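Scroll down for the structure; my scribbles are underneath it.
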Amino acid sequence: MAVSFVQKRFMASALQRWAYNLSGFNKYGLWRDDILYEDDDVKEAIRRLPANIVDERNYRILRAVQLSGNKDILPKDQWTKLEDDKLYLTPIVKEVIKEREERQEWNKNY
Amino acid sequence: MASNLTKAPLLKVVSISNRGFAQLAPICGNPNYELKTNVLPSKLVVTSAENESNISRVSIVFRAGSRNESSDNLGVTHVLRTAAGLSTKNASQFAIIRNIQQVGASLTATSDRETIAYTLEGTQQALEKALPFLTEVATQQVFKPWELSDISNRLLLDIATRPLQLRAIDLLHNAAFRTGLGNSLFIPKSKIGRTSSETLQHYVASNFLSGRAAVVGLGVNHNELTQYAQSLQIESGEGSAVASPYKGGELRSNKGGDMAYVAVAGEGASSKCPKEALAFAVLQRAIGVGPQIKWATSDNGAFSRAVGGACADYASTAVNVSYSDVGLFGVLIAAPAATAGRLVEAAARLLRSGSVSDEDVNRGKKQLVTSLLMDAESGSSAILNIGSQAATTGAPQTASQIAAAVDSVSTSDVQSALKKVGRKITLASIGNLSKVPYLDELK
């Protein structure tokens with residue numbers, strides 16, 4: 001049981017890493033949360049980020065735009081690794097969505 | 001997430017139909033009630049009274065007023081009282097506001113130099129529904145950073161709309177006590193937007209303790225209030241209390257304009273000695289707290305007579321505040337810049353004179369009894385009063401009990417109170433100070 005659990009975890013992470021590298025945005029040095037579509041929920045979530053995190057995010061996006069304009073990608077040693085890619089925005093977006101749904105629920109009832 | 005908070009009422013309030021009425025109570029409730037007080041093992045004080053009012057009130061009070069601020073977190077209590085109603089651990093800002101509005105209750109945060117009180121008021125049914133939100137707001141704060149930055153404008157508005165007489169009293173405290181009780185009730189402008197979520201959380205963790213707390217109810221059942229108090233998640237402990245002795249001095253803030261606002265004061269009584277505090281309260285009325293008749297200009301107090309007919313266009317009131325270890329007593333004057341000098345000299349002479357006439361003391365006693373009983377008629381002010389007494393002394397008294405003790409104050413008590421004030425004078429002034437004398441110029 002324990003062995004199969006370890007195996008499963010390993011397979012999942014190996015599959016995840018393969019899919020992550022295949023997706024390609026990591027070659028521009030981007031993180032997963034950098035490429036979220038900026039709807040109102042995400043905009044609100046970005047507003048709630050600490051200033052230094054927003055600066056880092058903007059830097060990565062600018063660098064990616066620059067690279068894309070030059071039809072270039074980063075040297076391979078600077079590609080984002082799955083381990084370094086932290087979900088810094090997703091938990092906040094989830095919270096924002098939950099708050100929005102609470103408001104909508106209220107407006108339906110009253 | 002927050003909506004299921006309303007489903008489990010923690011406190012059932014006595015419904016009107018359960019009460020046996022010997023006679024019909026007035027709408028404001030019967031102001032002549034008996035307080036029941038008990039202390040939980042966690043040292044939390046629970047006080048309540050059944051006043052037969054249609055409006056029930058519950059207040060959670062912490063001994064965490066601005067005197068507990070240090071130079072690092074100056075103004076944190078102002079942010080705290082403005083932050084009441086922001087998202088908490090289990091309820092969002094939206095849920096708190098809408099649920100309380102929906103049942104027609106009212107939640108307020110009030111703070112002074114000793115205490116912060118979170119008070120919920122409403123009909124009995126409303127209180128039942130809104131009580132979980134009072135618990136959340138008073139004990140489960142989280143202070144989300146983005147919500148805090150959103151209230152910065154509110155703080156700016158608060159300090160921009162302070163009237164000058166209020167700032168004179170703030171300056172007076174600052175001059176008289178320097179630190180501790182000298183801290184303002186308002187945040188310094190330079191600190192707005194710089195009070196972080198961590199600062200607030202640390203302040204709450206070190207001051208919102210059960211040994212510094214009281215739960216007070218008016219128009220609620222005492223046993224149920226005790227159960228509610230037991231269910232509150234408040235960290236146990238006493239925290240630290242820093243004494244703030246009277247030091248005295250002078251502060252001037254020359255702002256220009258046409259008017260001068262000057263507070264002249266000396267040391268008053270602490271609320272630990274009720275007899276002395278009562279003598280000071282009588283002295284306040286003897287010196288005069290402004291006209292008792294609407295649109296009248298003079299109040300026939302000792303101060304108005306000391307000024308004489310020389311200048312008519314001024315307003316004055318005697319100021320008397322008692323804190324847990326020290327007090328402040330004096331006169332607050334608002335006057336056109338040109339005449340302020342003479343008024344301040346008259347006030348200082350009066351405070352140093354050390355004598356009050358029997359007539360003034362008798363009038364003072366009668367006015368004090370009236371104002372004590374009138375204040376008790378308003379449930380909002382009564383619960384604040386009882387709450388701050390419960391949090392600071394642990395044994396609150398009703399206004400009628402205090403009023404009954406007023407008679408025992410003698411003229412010599414009042415005179416020794418005035419002598420104590422005159423020992424060391426503090427002067428604080430704001431506005432156009434061209435004619436306001438300095439402290440060392442007052443004879």
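We name chains A, B, ... following the order of the structure tokens; residues begin at 1 in each chain, and ligands are numbered from 1 as shown.
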### Task
Please report as an MDAnalysis selection string which residues of chain A come no farther than 12 Å from chain B, using only C-alpha atoms.
chainID A and resid 44:51 92 95:96 98:107 109:110
Please dump the current selection as a PDB file, in the first residue's frame; keep C-alpha atoms.
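Saved to out.pdb:
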ATOM      1  CA  GLU A  44      -8.546  42.323  -7.181  1.00  0.00           C
ATOM      2  CA  ALA A  45      -6.223  39.514  -6.094  1.00  0.00           C
ATOM      3  CA  ILE A  46      -3.205  41.333  -7.551  1.00  0.00           C
ATOM      4  CA  ARG A  47      -4.223  44.452  -5.619  1.00  0.00           C
ATOM      5  CA  ARG A  48      -4.007  42.423  -2.418  1.00  0.00           C
ATOM      6  CA  LEU A  49      -0.464  41.205  -3.082  1.00  0.00           C
ATOM      7  CA  PRO A  50       2.435  42.729  -1.155  1.00  0.00           C
ATOM      8  CA  ALA A  51       4.345  45.283  -3.265  1.00  0.00           C
ATOM      9  CA  ILE A  92      -5.950  34.835  -3.120  1.00  0.00           C
ATOM     10  CA  GLU A  95     -10.647  33.895  -1.712  1.00  0.00           C
ATOM     11  CA  VAL A  96     -11.786  36.750  -3.964  1.00  0.00           C
ATOM     12  CA  LYS A  98     -15.531  33.112  -2.618  1.00  0.00           C
ATOM     13  CA  GLU A  99     -16.246  36.666  -1.471  1.00  0.00           C
ATOM     14  CA  ARG A 100     -17.870  37.511  -4.815  1.00  0.00           C
ATOM     15  CA  GLU A 101     -20.056  34.407  -4.622  1.00  0.00           C
ATOM     16  CA  GLU A 102     -21.055  35.356  -1.080  1.00  0.00           C
ATOM     17  CA  ARG A 103     -22.151  38.788  -2.357  1.00  0.00           C
ATOM     18  CA  GLN A 104     -24.078  37.268  -5.254  1.00  0.00           C
ATOM     19  CA  GLU A 105     -25.756  34.778  -2.940  1.00  0.00           C
ATOM     20  CA  TRP A 106     -26.786  37.612  -0.617  1.00  0.00           C
ATOM     21  CA  ASN A 107     -28.164  39.699  -3.496  1.00  0.00           C
ATOM     22  CA  ASN A 109     -31.816  36.316  -1.200  1.00  0.00           C
ATOM     23  CA  TYR A 110     -32.385  39.922  -0.128  1.00  0.00           C
TER      24      TYR A 110
END
### Task
Please provide the set of residues having any atom within 9 Å of Val204 (chain B), restricted to only C-alpha atoms, with same-chain residues fewer than 3 positions apart removed, written as a list in words.
Ala64, Leu80, Thr139, Gln141, Thr199, Leu200, Gln201, Asn207, Phe208 and Leu209 of chain B
### Task
Please indicate the distance in Å from CA of Ser410 (chain B) to CA of Gly268 (chain B), rounded to one decimal place.
17.1 Å
### Query
How many Å separate CA of Arg67 (chain B) from CA of Val215 (chain B)?
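CA of Val215 (chain B) lies at a distance of 20.8 Å from CA of Arg67 (chain B).
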### Residue nearest Trp31 (chain A) among A:Leu74, A:Ile97, A:Leu67, A:Leu89 (counting only C-alpha atoms)
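Among A:Leu74, A:Ile97, A:Leu67, A:Leu89, it is A:Leu89 that comes nearest to Trp31 (chain A).
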#### Entry: Sel. of strand (DSSP E or B) residues, region 21-235 of chain B, as an MDAnalysis selection string
chainID B and resid 36:39 45:49 55:62 88 106:111 116:123 141 209 213:218 235
### Query
Which value, in Å to one decimal, gives the distance between CA of Asp440 (chain B) and CA of Gly290 (chain B)?
27.8 Å
### Task
Rank A:Thr80, A:Thr90, A:Gln16, A:Asn52 by their smallest atom-to-atom distance to Ala64 (chain A), using only C-alpha atoms, and report the top residue only.
A:Thr80
#### Entry: helix (DSSP H, G or I) per DSSP on the backbone: members of chain A, as a PyMOL selection string
chain A and resi 2-23+25-28+32-35+40-47+51-69+76-78+90-109
#### Entry: Residues within 9 Å of Ser298 (chain B), only C-alpha atoms, excluding chain neighbours under 5 positions, as number ranges by chain
B: 290-292, 304, 312, 315
### Query
Quick one: residues within 9 Å of region 373-375 of chain B, only C-alpha atoms counted, chain neighbours fewer than 5 positions away excluded, as a PyMOL selection string?
chain B and resi 31+368+381-382+399-400+403
### Query
Skipping near chain neighbours, those fewer than 3 positions away, what residues fall within 9 Å of Asp34 (chain A) using only C-alpha atoms, listed as number ranges by chain?
A: 30-31, 37, 57-58, 60-61, 89
Suppose we keep N, CA, C and O atoms; can you now write the selection as an mmCIF file, in the first residue's frame?
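For reference, result_16.cif as written:
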data_model
loop_
_atom_site.group_PDB
_atom_site.id
_atom_site.type_symbol
_atom_site.label_atom_id
_atom_site.label_comp_id
_atom_site.auth_asym_id
_atom_site.auth_seq_id
_atom_site.Cartn_x
_atom_site.Cartn_y
_atom_site.Cartn_z
ATOM 1 N N LEU A 30 8.514 32.607 -16.977
ATOM 2 C CA LEU A 30 7.242 32.941 -16.320
ATOM 3 C C LEU A 30 6.863 31.864 -15.299
ATOM 4 O O LEU A 30 7.342 30.736 -15.362
ATOM 5 N N TRP A 31 5.994 32.237 -14.375
ATOM 6 C CA TRP A 31 5.412 31.290 -13.422
ATOM 7 C C TRP A 31 3.964 31.042 -13.830
ATOM 8 O O TRP A 31 3.390 31.810 -14.598
ATOM 9 N N TYR A 37 -5.426 34.744 -16.783
ATOM 10 C CA TYR A 37 -6.131 35.804 -17.496
ATOM 11 C C TYR A 37 -6.624 36.828 -16.483
ATOM 12 O O TYR A 37 -7.272 36.484 -15.482
ATOM 13 N N ARG A 57 6.614 39.916 -10.126
ATOM 14 C CA ARG A 57 5.703 39.463 -11.187
ATOM 15 C C ARG A 57 5.829 40.342 -12.420
ATOM 16 O O ARG A 57 5.986 39.858 -13.547
ATOM 17 N N ASN A 58 5.821 41.674 -12.218
ATOM 18 C CA ASN A 58 5.924 42.589 -13.352
ATOM 19 C C ASN A 58 7.250 42.400 -14.090
ATOM 20 O O ASN A 58 7.299 42.476 -15.313
ATOM 21 N N ARG A 60 9.027 39.644 -14.351
ATOM 22 C CA ARG A 60 8.981 38.413 -15.151
ATOM 23 C C ARG A 60 8.148 38.622 -16.417
ATOM 24 O O ARG A 60 8.530 38.175 -17.504
ATOM 25 N N ILE A 61 7.025 39.335 -16.278
ATOM 26 C CA ILE A 61 6.164 39.542 -17.443
ATOM 27 C C ILE A 61 6.863 40.428 -18.483
ATOM 28 O O ILE A 61 6.864 40.140 -19.680
ATOM 29 N N LEU A 89 -0.558 33.522 -6.332
ATOM 30 C CA LEU A 89 -1.783 34.288 -6.549
ATOM 31 C C LEU A 89 -3.051 33.441 -6.418
ATOM 32 O O LEU A 89 -4.076 33.925 -5.947
#
### Message
Residues near Tyr323 (chain B), anyone? I mean within 9 Å using only C-alpha atoms, not counting same-chain ones fewer than 6 positions away, as a list in words.
### Response
Arg113, Glu114, Leu181, Ala269, Ser270, Ser271, Lys272 and Thr392 of chain B
Keeping C-alpha atoms for every residue in the selection just given, could you write it to a file as a compact mmCIF listing (two decimals), in the first residue's frame?
# COMPACT_ATOMS: atom_id res chain seq x y z
CA ARG B 113 -7.60 56.25 26.98
CA GLU B 114 -8.39 53.25 29.22
CA LEU B 181 -2.25 58.64 29.34
CA ALA B 269 -8.69 62.03 41.37
CA SER B 270 -8.22 58.43 40.27
CA SER B 271 -11.29 56.23 40.04
CA LYS B 272 -9.66 53.97 42.69
CA THR B 392 -11.17 49.10 35.07
